[in-house]
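Data from final-v3.pdb: PDB, C-alpha atoms, pLDDT in the B column
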ATOM      1  CA  MET A 171      13.910  14.864  12.507  1.00 42.00           C
ATOM      2  CA  LYS A 172      11.168  17.170  13.605  1.00 40.00           C
ATOM      3  CA  LYS A 173       7.519  16.402  13.120  1.00 40.00           C
ATOM      4  CA  GLY A 174       6.349  16.970   9.577  1.00 40.00           C
ATOM      5  CA  VAL A 175       9.542  16.210   7.671  1.00 38.00           C
ATOM      6  CA  GLY A 176       9.003  12.484   7.248  1.00 42.00           C
ATOM      7  CA  PHE A 177       9.079  10.651   3.923  1.00 39.00           C
ATOM      8  CA  ILE A 178       7.434  12.898   1.378  1.00 38.00           C
ATOM      9  CA  PHE A 179       5.070  10.292   0.053  1.00 37.00           C
ATOM     10  CA  CYS A 180       3.628   9.325   3.501  1.00 40.00           C
ATOM     11  CA  CYS A 181       0.002  10.321   3.413  1.00 37.00           C
ATOM     12  CA  PHE A 182      -1.394  12.738   5.987  1.00 35.00           C
ATOM     13  CA  ILE A 183      -3.976  14.676   3.963  1.00 32.00           C
ATOM     14  CA  ALA A 184      -7.575  14.755   5.166  1.00 33.00           C
ATOM     15  CA  LEU A 185      -9.993  12.533   3.291  1.00 33.00           C
ATOM     16  CA  ALA A 186     -12.361  15.416   2.784  1.00 32.00           C
ATOM     17  CA  ILE A 187     -10.044  16.924   0.202  1.00 34.00           C
ATOM     18  CA  TYR A 188     -10.919  14.203  -2.281  1.00 38.00           C
ATOM     19  CA  SER A 189     -14.370  13.167  -1.110  1.00 36.00           C
ATOM     20  CA  GLY A 190     -17.200  12.925  -3.602  1.00 38.00           C
ATOM     21  CA  CYS A 191     -20.758  11.716  -3.909  1.00 38.00           C
ATOM     22  CA  LYS A 192     -20.502  10.007  -7.297  1.00 47.00           C
ATOM     23  CA  LYS A 193     -20.300   6.259  -7.573  1.00 50.00           C
ATOM     24  CA  GLY A 194     -16.773   4.865  -7.598  1.00 52.00           C
ATOM     25  CA  PRO A 195     -15.348   1.426  -8.392  1.00 52.00           C
ATOM     26  CA  GLU A 196     -17.068  -1.664  -7.084  1.00 53.00           C
ATOM     27  CA  PRO A 197     -15.741  -3.264  -3.866  1.00 53.00           C
ATOM     28  CA  GLY A 198     -12.509  -5.139  -4.527  1.00 67.00           C
ATOM     29  CA  GLN A 199     -11.671  -2.959  -7.542  1.00 90.00           C
ATOM     30  CA  VAL A 200      -9.549   0.183  -7.788  1.00 95.00           C
ATOM     31  CA  ASN A 201      -9.677   3.108 -10.165  1.00 97.00           C
ATOM     32  CA  SER A 202      -6.887   4.614 -12.289  1.00 97.00           C
ATOM     33  CA  PHE A 203      -5.456   6.920  -9.586  1.00 98.00           C
ATOM     34  CA  LYS A 204      -1.703   7.472 -10.027  1.00 98.00           C
ATOM     35  CA  ARG A 205       0.671   8.575  -7.269  1.00 98.00           C
ATOM     36  CA  TYR A 206       3.550   9.155  -9.692  1.00 98.00           C
ATOM     37  CA  SER A 207       3.936  10.294 -13.297  1.00 97.00           C
ATOM     38  CA  PHE A 208       6.068   7.230 -14.092  1.00 97.00           C
ATOM     39  CA  LYS A 209       4.524   3.792 -14.426  1.00 98.00           C
ATOM     40  CA  ASN A 210       7.655   1.985 -13.223  1.00 98.00           C
ATOM     41  CA  ALA A 211      10.896   3.421 -11.884  1.00 98.00           C
ATOM     42  CA  HIS A 212      13.978   2.657  -9.812  1.00 98.00           C
ATOM     43  CA  LEU A 213      15.835   5.455  -8.021  1.00 98.00           C
ATOM     44  CA  THR A 214      19.067   5.318  -6.061  1.00 98.00           C
ATOM     45  CA  LEU A 215      19.437   8.023  -3.399  1.00 98.00           C
ATOM     46  CA  LYS A 216      22.643   8.852  -1.528  1.00 98.00           C
ATOM     47  CA  HIS A 217      22.772  10.302   2.002  1.00 97.00           C
ATOM     48  CA  SER A 218      25.298  12.912   3.103  1.00 96.00           C
ATOM     49  CA  GLY A 219      26.027  15.166   6.073  1.00 94.00           C
ATOM     50  CA  ASP A 220      24.864  13.673   9.379  1.00 93.00           C
ATOM     51  CA  SER A 221      23.674  10.548   7.586  1.00 93.00           C
ATOM     52  CA  ARG A 222      25.456   8.226   5.219  1.00 95.00           C
ATOM     53  CA  GLY A 223      24.422   5.301   3.081  1.00 97.00           C
ATOM     54  CA  THR A 224      21.898   4.720   0.328  1.00 98.00           C
ATOM     55  CA  GLU A 225      18.226   4.201  -0.337  1.00 98.00           C
ATOM     56  CA  GLU A 226      16.773   2.273  -3.264  1.00 98.00           C
ATOM     57  CA  LEU A 227      13.256   3.299  -4.307  1.00 98.00           C
ATOM     58  CA  TYR A 228      11.229   0.914  -6.484  1.00 98.00           C
ATOM     59  CA  ILE A 229       7.936   2.096  -8.007  1.00 98.00           C
ATOM     60  CA  ALA A 230       5.473  -0.117  -9.882  1.00 98.00           C
ATOM     61  CA  ASP A 231       2.170   0.671 -11.600  1.00 98.00           C
ATOM     62  CA  TYR A 232       2.322   4.428 -10.912  1.00 98.00           C
ATOM     63  CA  GLY A 233       2.843   3.887  -7.188  1.00 98.00           C
ATOM     64  CA  LYS A 234       0.244   1.246  -6.447  1.00 97.00           C
ATOM     65  CA  TYR A 235       3.278  -0.694  -5.267  1.00 98.00           C
ATOM     66  CA  GLU A 236       6.373   0.914  -3.813  1.00 98.00           C
ATOM     67  CA  ALA A 237       9.411  -0.252  -1.845  1.00 98.00           C
ATOM     68  CA  ARG A 238      12.020   1.997  -0.250  1.00 98.00           C
ATOM     69  CA  VAL A 239      15.036  -0.024   0.891  1.00 98.00           C
ATOM     70  CA  SER A 240      17.204   1.970   3.308  1.00 97.00           C
ATOM     71  CA  ASN A 241      20.692   1.039   4.447  1.00 97.00           C
ATOM     72  CA  ILE A 242      22.000   4.075   6.294  1.00 96.00           C
ATOM     73  CA  GLU A 243      23.833   5.248   9.398  1.00 94.00           C
ATOM     74  CA  MET A 244      22.826   8.425  11.208  1.00 90.00           C
ATOM     75  CA  PHE A 245      25.114  10.434  13.463  1.00 85.00           C
ATOM     76  CA  ARG A 246      23.559  10.947  16.897  1.00 77.00           C
ATOM     77  CA  GLY A 247      24.919  12.173  20.226  1.00 73.00           C
ATOM     78  CA  GLU A 248      25.653   8.596  21.277  1.00 74.00           C
ATOM     79  CA  GLY A 249      27.420   7.820  18.000  1.00 80.00           C
ATOM     80  CA  LEU A 250      26.362   6.129  14.785  1.00 84.00           C
ATOM     81  CA  MET A 251      22.874   4.661  14.650  1.00 88.00           C
ATOM     82  CA  PRO A 252      22.437   2.056  11.883  1.00 92.00           C
ATOM     83  CA  ARG A 253      19.133   1.801  10.097  1.00 92.00           C
ATOM     84  CA  GLN A 254      18.234  -1.039   7.769  1.00 95.00           C
ATOM     85  CA  SER A 255      14.593  -0.909   6.816  1.00 96.00           C
ATOM     86  CA  ILE A 256      12.065  -1.382   4.035  1.00 97.00           C
ATOM     87  CA  ASP A 257       9.014   0.848   3.628  1.00 97.00           C
ATOM     88  CA  LEU A 258       6.342  -0.859   1.539  1.00 97.00           C
ATOM     89  CA  THR A 259       3.199   0.509  -0.067  1.00 97.00           C
ATOM     90  CA  ARG A 260       0.687  -1.965  -1.448  1.00 97.00           C
ATOM     91  CA  LEU A 261      -2.300   0.109  -2.571  1.00 97.00           C
ATOM     92  CA  ALA A 262      -3.667   1.424   0.762  1.00 96.00           C
ATOM     93  CA  GLU A 263      -1.613  -0.902   2.976  1.00 96.00           C
ATOM     94  CA  LEU A 264       1.630   0.490   4.391  1.00 97.00           C
ATOM     95  CA  TYR A 265       4.386  -1.532   6.041  1.00 97.00           C
ATOM     96  CA  ASN A 266       7.588  -0.547   7.802  1.00 96.00           C
ATOM     97  CA  VAL A 267      10.015  -3.450   8.060  1.00 96.00           C
ATOM     98  CA  ASN A 268      12.901  -3.152  10.508  1.00 95.00           C
ATOM     99  CA  MET A 269      15.530  -5.555   9.231  1.00 94.00           C
ATOM    100  CA  LEU A 270      17.624  -5.254  12.414  1.00 94.00           C
ATOM    101  CA  ASN A 271      15.010  -6.363  14.963  1.00 93.00           C
ATOM    102  CA  HIS A 272      12.693  -8.237  12.553  1.00 94.00           C
ATOM    103  CA  GLN A 273       9.675  -6.119  13.470  1.00 94.00           C
ATOM    104  CA  VAL A 274       6.986  -5.149  10.940  1.00 95.00           C
ATOM    105  CA  ARG A 275       4.477  -2.357  11.513  1.00 95.00           C
ATOM    106  CA  HIS A 276       1.367  -2.449   9.329  1.00 96.00           C
ATOM    107  CA  GLN A 277      -1.022   0.446   8.815  1.00 96.00           C
ATOM    108  CA  HIS A 278      -4.113   0.800   6.660  1.00 96.00           C
ATOM    109  CA  ASN A 279      -4.220   4.256   5.064  1.00 95.00           C
ATOM    110  CA  PRO A 280      -7.833   5.473   4.745  1.00 95.00           C
ATOM    111  CA  MET A 281      -6.856   8.418   2.545  1.00 94.00           C
ATOM    112  CA  LEU A 282      -5.209   6.203  -0.079  1.00 96.00           C
ATOM    113  CA  ASP A 283      -8.140   3.803   0.149  1.00 96.00           C
ATOM    114  CA  SER A 284     -10.479   6.689  -0.599  1.00 96.00           C
ATOM    115  CA  LEU A 285      -8.383   7.902  -3.530  1.00 97.00           C
ATOM    116  CA  TYR A 286      -8.361   4.446  -5.119  1.00 97.00           C
ATOM    117  CA  HIS A 287     -12.156   4.333  -4.957  1.00 96.00           C
ATOM    118  CA  LEU A 288     -13.046   7.767  -6.303  1.00 96.00           C
ATOM    119  CA  PRO A 289     -15.107   8.091  -9.484  1.00 96.00           C
ATOM    120  CA  GLU A 290     -12.794   8.552 -12.464  1.00 95.00           C
ATOM    121  CA  SER A 291     -13.935  12.160 -12.960  1.00 96.00           C
ATOM    122  CA  ASP A 292     -12.790  13.095  -9.433  1.00 97.00           C
ATOM    123  CA  ILE A 293      -9.315  11.567  -9.468  1.00 98.00           C
ATOM    124  CA  PRO A 294      -6.495  14.105  -8.885  1.00 97.00           C
ATOM    125  CA  SER A 295      -3.511  14.061 -11.215  1.00 98.00           C
ATOM    126  CA  PRO A 296      -0.144  12.890  -9.849  1.00 98.00           C
ATOM    127  CA  THR A 297       0.979  16.533  -9.697  1.00 97.00           C
ATOM    128  CA  GLU A 298      -2.155  17.618  -7.833  1.00 97.00           C
ATOM    129  CA  PHE A 299      -1.677  14.724  -5.419  1.00 97.00           C
ATOM    130  CA  TYR A 300       1.918  15.493  -4.436  1.00 96.00           C
ATOM    131  CA  GLN A 301       1.310  19.258  -4.268  1.00 97.00           C
ATOM    132  CA  THR A 302      -1.582  18.679  -1.880  1.00 96.00           C
ATOM    133  CA  GLN A 303       0.641  16.408   0.207  1.00 95.00           C
ATOM    134  CA  MET A 304       3.377  19.013   0.402  1.00 96.00           C
ATOM    135  CA  LYS A 305       0.953  21.715   1.503  1.00 96.00           C
ATOM    136  CA  GLY A 306      -0.619  19.359   4.018  1.00 94.00           C
ATOM    137  CA  ASN A 307       2.824  18.811   5.555  1.00 93.00           C
ATOM    138  CA  TYR A 308       3.288  22.604   5.832  1.00 95.00           C
ATOM    139  CA  PHE A 309       5.671  22.973   2.911  1.00 97.00           C
ATOM    140  CA  LYS A 310       5.553  26.188   0.900  1.00 97.00           C
ATOM    141  CA  PHE A 311       6.311  26.342  -2.806  1.00 97.00           C
ATOM    142  CA  GLU A 312       9.258  28.687  -3.353  1.00 97.00           C
ATOM    143  CA  ALA A 313      10.284  28.585  -7.011  1.00 97.00           C
ATOM    144  CA  VAL A 314      11.189  26.506 -10.025  1.00 97.00           C
ATOM    145  CA  ASP A 315      14.851  25.688  -9.542  1.00 94.00           C
ATOM    146  CA  THR A 316      17.546  23.643 -11.259  1.00 96.00           C
ATOM    147  CA  ALA A 317      18.573  20.560  -9.292  1.00 96.00           C
ATOM    148  CA  LEU A 318      20.815  17.794 -10.659  1.00 96.00           C
ATOM    149  CA  GLY A 319      20.254  19.221 -14.127  1.00 96.00           C
ATOM    150  CA  TYR A 320      16.444  19.025 -13.882  1.00 97.00           C
ATOM    151  CA  LYS A 321      13.927  21.862 -13.694  1.00 97.00           C
ATOM    152  CA  ALA A 322      12.361  21.085 -10.349  1.00 98.00           C
ATOM    153  CA  GLU A 323       9.908  22.686  -7.929  1.00 98.00           C
ATOM    154  CA  ARG A 324      11.584  23.806  -4.699  1.00 98.00           C
ATOM    155  CA  TRP A 325       9.495  23.462  -1.525  1.00 98.00           C
ATOM    156  CA  TYR A 326      10.423  24.705   1.948  1.00 97.00           C
ATOM    157  CA  GLN A 327       9.103  23.844   5.407  1.00 95.00           C
ATOM    158  CA  PRO A 328       9.899  26.701   7.820  1.00 93.00           C
ATOM    159  CA  GLU A 329       9.480  24.704  11.053  1.00 90.00           C
ATOM    160  CA  SER A 330      12.084  22.071  10.207  1.00 88.00           C
ATOM    161  CA  LYS A 331      14.033  24.111   7.644  1.00 92.00           C
ATOM    162  CA  ALA A 332      13.607  21.240   5.206  1.00 96.00           C
ATOM    163  CA  LEU A 333      13.981  21.712   1.452  1.00 97.00           C
ATOM    164  CA  PHE A 334      12.625  19.391  -1.245  1.00 98.00           C
ATOM    165  CA  TRP A 335      13.234  19.550  -4.969  1.00 98.00           C
ATOM    166  CA  ILE A 336      10.460  17.743  -6.886  1.00 98.00           C
ATOM    167  CA  TRP A 337      10.834  16.827 -10.535  1.00 98.00           C
ATOM    168  CA  ASN A 338       8.016  15.101 -12.353  1.00 97.00           C
ATOM    169  CA  THR A 339       6.498  13.963  -9.005  1.00 97.00           C
ATOM    170  CA  LEU A 340       9.829  12.501  -7.781  1.00 98.00           C
ATOM    171  CA  ALA A 341      11.775  13.932  -4.833  1.00 97.00           C
ATOM    172  CA  ILE A 342      15.226  14.071  -6.434  1.00 98.00           C
ATOM    173  CA  LYS A 343      16.904  16.116  -3.686  1.00 98.00           C
ATOM    174  CA  GLN A 344      16.170  16.758  -0.002  1.00 97.00           C
ATOM    175  CA  MET A 345      17.925  18.801   2.686  1.00 96.00           C
ATOM    176  CA  TYR A 346      17.121  18.685   6.415  1.00 93.00           C
ATOM    177  CA  SER A 347      18.554  20.809   9.204  1.00 91.00           C
ATOM    178  CA  THR A 348      19.743  18.837  12.240  1.00 86.00           C
ATOM    179  CA  GLY A 349      20.571  21.855  14.398  1.00 81.00           C
ATOM    180  CA  ASN A 350      24.335  21.669  14.223  1.00 82.00           C
ATOM    181  CA  GLY A 351      24.451  20.119  10.793  1.00 88.00           C
ATOM    182  CA  PHE A 352      22.318  18.764   7.975  1.00 92.00           C
ATOM    183  CA  ILE A 353      21.149  15.633   6.231  1.00 94.00           C
ATOM    184  CA  GLY A 354      21.204  15.582   2.460  1.00 97.00           C
ATOM    185  CA  ILE A 355      19.459  12.997   0.273  1.00 97.00           C
ATOM    186  CA  THR A 356      20.302  13.178  -3.425  1.00 98.00           C
ATOM    187  CA  MET A 357      19.280  11.048  -6.380  1.00 98.00           C
ATOM    188  CA  VAL A 358      22.338   9.538  -8.047  1.00 98.00           C
ATOM    189  CA  ALA A 359      20.637   7.161 -10.498  1.00 98.00           C
ATOM    190  CA  LEU A 360      17.230   6.916 -12.190  1.00 98.00           C
ATOM    191  CA  ASP A 361      15.824   4.145 -14.366  1.00 98.00           C
ATOM    192  CA  THR A 362      12.314   4.792 -15.703  1.00 97.00           C
ATOM    193  CA  ASN A 363      12.458   1.613 -17.808  1.00 96.00           C
ATOM    194  CA  TRP A 364      12.902  -0.620 -14.783  1.00 97.00           C
ATOM    195  CA  VAL A 365      11.526  -4.120 -15.337  1.00 97.00           C
ATOM    196  CA  VAL A 366       9.317  -4.783 -12.338  1.00 97.00           C
ATOM    197  CA  ASP A 367      10.427  -7.448  -9.880  1.00 97.00           C
ATOM    198  CA  THR A 368       7.431  -8.124  -7.620  1.00 96.00           C
ATOM    199  CA  ASN A 369       9.663  -9.720  -4.984  1.00 96.00           C
ATOM    200  CA  TYR A 370      10.540  -6.222  -3.782  1.00 97.00           C
ATOM    201  CA  PHE A 371       6.938  -5.694  -2.655  1.00 97.00           C
ATOM    202  CA  ASN A 372       6.546  -8.846  -0.582  1.00 96.00           C
ATOM    203  CA  VAL A 373       5.956  -8.480   3.151  1.00 94.00           C
ATOM    204  CA  PRO A 374       8.410 -10.648   5.132  1.00 91.00           C
ATOM    205  CA  GLY A 375       6.751 -13.535   6.904  1.00 87.00           C
ATOM    206  CA  LYS A 376       8.757 -16.222   8.689  1.00 89.00           C
ATOM    207  CA  GLY A 377      10.938 -14.823  11.452  1.00 91.00           C
ATOM    208  CA  PHE A 378       9.236 -11.405  11.519  1.00 94.00           C
ATOM    209  CA  ASP A 379       6.671 -10.135  14.023  1.00 93.00           C
ATOM    210  CA  VAL A 380       3.862  -8.103  12.422  1.00 91.00           C
ATOM    211  CA  HIS A 381       2.014  -5.459  14.448  1.00 92.00           C
ATOM    212  CA  ASP A 382      -1.068  -3.594  13.238  1.00 93.00           C
ATOM    213  CA  ILE A 383      -1.196   0.068  14.234  1.00 90.00           C
ATOM    214  CA  GLY A 384      -3.841   2.792  13.950  1.00 90.00           C
ATOM    215  CA  PRO A 385      -3.985   5.408  11.179  1.00 82.00           C
ATOM    216  CA  ASN A 386      -2.702   8.188  13.462  1.00 81.00           C
ATOM    217  CA  GLU A 387       0.288   6.288  14.854  1.00 85.00           C
ATOM    218  CA  GLN A 388       3.870   6.729  13.682  1.00 82.00           C
ATOM    219  CA  LEU A 389       4.603   4.081  11.061  1.00 81.00           C
ATOM    220  CA  GLN A 390       8.368   4.278  10.908  1.00 73.00           C
ATOM    221  CA  GLN A 391      10.391   2.700  13.689  1.00 62.00           C
ATOM    222  CA  MET A 392      13.313   4.666  15.092  1.00 50.00           C
TER     223      MET A 392
END

Exercise: express the given structure as structure tokens:
Amino acid sequence: MKKGVGFIFCCFIALAIYSGCKKGPEPGQVNSFKRYSFKNAHLTLKHSGDSRGTEELYIADYGKYEARVSNIEMFRGEGLMPRQSIDLTRLAELYNVNMLNHQVRHQHNPMLDSLYHLPESDIPSPTEFYQTQMKGNYFKFEAVDTALGYKAERWYQPESKALFWIWNTLAIKQMYSTGNGFIGITMVALDTNWVVDTNYFNVPGKGFDVHDIGPNEQLQQM
């Protein structure tokens, strides 16, 4: 995919957007910032077009903890390319786990760190947060549309010809152009009463090599 159409909830917005001079939480504490409108949720997403397979998205404590488990195959010029990975968010610590080569990339996200330490009066709402992210990734709001039976915001990125439908802070449908085809990602199941299983948010240890990378490096492994 072209630059800028990566996972919607990857954070690329400048810290200055949310900077403030008021006193925030003490070191070691976090405020009440919420990345999602739902406290806990489990989504199942199905790939179509030039990609096939599923993703399972687990959200805990309004996004303080998140795990995206991908088991997909993508059609490339050389044939099918399997991808089995886990993308973890643990507050401001991001991890991409490649289950095929047992490599883990770890990245500290300064923007999320800043958001979790803002004074309560300066904290953006979940809607403000994702809208700022979309704009920062060069998406343009088009209209309120119906997708999968939900009234969702439709966002479009001209460079990559990517479309996102966002309902209640969740990306329930995505479409990407691949030149000669497309990749579709569609929510097929949603459980907002999911009972949290913290095992999903553990970083693999034994048998995995962990590499720390800088904030401007690509987190996901291809």

For A:Asn350, list every protein, DNA or RNA residue within 12 Å, evaluated using only C-alpha atoms, and leave out those in the same chain fewer than 2 positions away; present the list as a compact mmCIF listing (two decimals) with C-alpha atoms, keeping the file's coordinate frame.
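As written to disk, around_21.txt reads:
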# COMPACT_ATOMS: atom_id res chain seq x y z
CA GLY A 219 26.03 15.17 6.07
CA ASP A 220 24.86 13.67 9.38
CA PHE A 245 25.11 10.43 13.46
CA ARG A 246 23.56 10.95 16.90
CA GLY A 247 24.92 12.17 20.23
CA TYR A 346 17.12 18.68 6.42
CA SER A 347 18.55 20.81 9.20
CA THR A 348 19.74 18.84 12.24
CA PHE A 352 22.32 18.76 7.98
CA ILE A 353 21.15 15.63 6.23

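Proximity to A:Ala237 was assessed for A:His381, A:Arg222, A:Arg260, A:Lys216 counting only C-alpha atoms; the smallest distance is recorded for A:Arg260.
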
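Using only C-alpha atoms, the smallest distance between any of A:Val200, A:Ala317, A:Val366, A:Val358 and A:Ala262 comes from A:Val200.
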
Problem set entry | Ref. answer, residues at most 10 Å from (21.2, -0.6, 6.8) with only C-alpha atoms, as a ChimeraX atom specification | /A:222-225,239-243,251-256,268-270

Saved selection, atoms kept: C-alpha atoms, as a PDB file, in the frame of the given file:
ATOM      1  CA  ARG A 222      25.456   8.226   5.219  1.00 95.00           C
ATOM      2  CA  GLY A 223      24.422   5.301   3.081  1.00 97.00           C
ATOM      3  CA  THR A 224      21.898   4.720   0.328  1.00 98.00           C
ATOM      4  CA  GLU A 225      18.226   4.201  -0.337  1.00 98.00           C
ATOM      5  CA  VAL A 239      15.036  -0.024   0.891  1.00 98.00           C
ATOM      6  CA  SER A 240      17.204   1.970   3.308  1.00 97.00           C
ATOM      7  CA  ASN A 241      20.692   1.039   4.447  1.00 97.00           C
ATOM      8  CA  ILE A 242      22.000   4.075   6.294  1.00 96.00           C
ATOM      9  CA  GLU A 243      23.833   5.248   9.398  1.00 94.00           C
ATOM     10  CA  MET A 251      22.874   4.661  14.650  1.00 88.00           C
ATOM     11  CA  PRO A 252      22.437   2.056  11.883  1.00 92.00           C
ATOM     12  CA  ARG A 253      19.133   1.801  10.097  1.00 92.00           C
ATOM     13  CA  GLN A 254      18.234  -1.039   7.769  1.00 95.00           C
ATOM     14  CA  SER A 255      14.593  -0.909   6.816  1.00 96.00           C
ATOM     15  CA  ILE A 256      12.065  -1.382   4.035  1.00 97.00           C
ATOM     16  CA  ASN A 268      12.901  -3.152  10.508  1.00 95.00           C
ATOM     17  CA  MET A 269      15.530  -5.555   9.231  1.00 94.00           C
ATOM     18  CA  LEU A 270      17.624  -5.254  12.414  1.00 94.00           C
TER      19      LEU A 270
END

Exercise. Exactly which residues make up the result of the PyMOL selection byres ((chain A and resi 206-211) around 6) on this file, given as a PyMOL selection string?
Worked result: chain A and resi 204-205+212+228-233+296+339+361-362+364

For this session: Can you turn the PyMOL selection byres ((chain A and resi 334) around 6) into a concrete residue list for this file, as a list in words?
Result: Arg324, Trp325, Leu333, Trp335, Lys343 and Gln344 of chain A

Return the padded bounding box of stretch 209-224 of chain A as JSON: axis-aligned, built from all atoms listed in the file, 5 Å added on each side, with centre and edge lengths in Å to one decimal.
{"center_x": 15.3, "center_y": 8.6, "center_z": -2.5, "size_x": 31.5, "size_y": 23.2, "size_z": 33.8}

Exercise. If we count only C-alpha atoms, what is near stretch 272-288 of chain A at a cut-off of 7 Å, once residues fewer than 5 positions away on the same chain are taken out, given as a list in words?
Worked result: Ala184, Leu185, Tyr188, Gly194, Pro195, Val200, Asn201, Phe203, Ala262, Glu263, Leu264, Tyr265, Asn266, Val267, Ile293, Gly377, Phe378, Asp379, Val380, His381, Asp382, Ile383, Gly384, Pro385 and Leu389 of chain A

Problem set entry | Between atom CA of A:Met357 and atom CA of A:Ala322, distance in Å (one decimal) | 12.8 Å

Problem set entry | Atomic separation - atom CA of A:Pro328 relative to atom CA of A:Met304, Å |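 Between atom CA of A:Met304 and atom CA of A:Pro328 the gap works out to 12.5 Å.
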
For this session: Name the closest residue to A:Tyr370 among the candidates A:Ser291, A:Leu213, A:Phe309, A:Arg238; distances are taken between atoms, counting only C-alpha atoms.
Result: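 Looking only at the distances to A:Tyr370, the closest residue turns out to be A:Arg238.
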
For this session: Figure out the distance between atom CA of A:Ile342 and atom CA of A:Ile355, please, to one decimal in Å.
Result: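 Atom-to-atom, atom CA of A:Ile355 to atom CA of A:Ile342, that is 8.0 Å.
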
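Using all atoms listed in the file, the residues found no farther than 7 Å from A:Glu323, other than those of its own chain fewer than 3 positions away, are Ala313, Val314, Asp315, Trp335, Ile336 and Trp337 of chain A.
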
Problem set entry | Of the listed residues A:Gln301, A:Asn271, A:Asn372, A:Ser295, that which approaches A:Ser202 most closely, counting only C-alpha atoms |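 Checking each candidate against A:Ser202, we get A:Ser295 as the closest.
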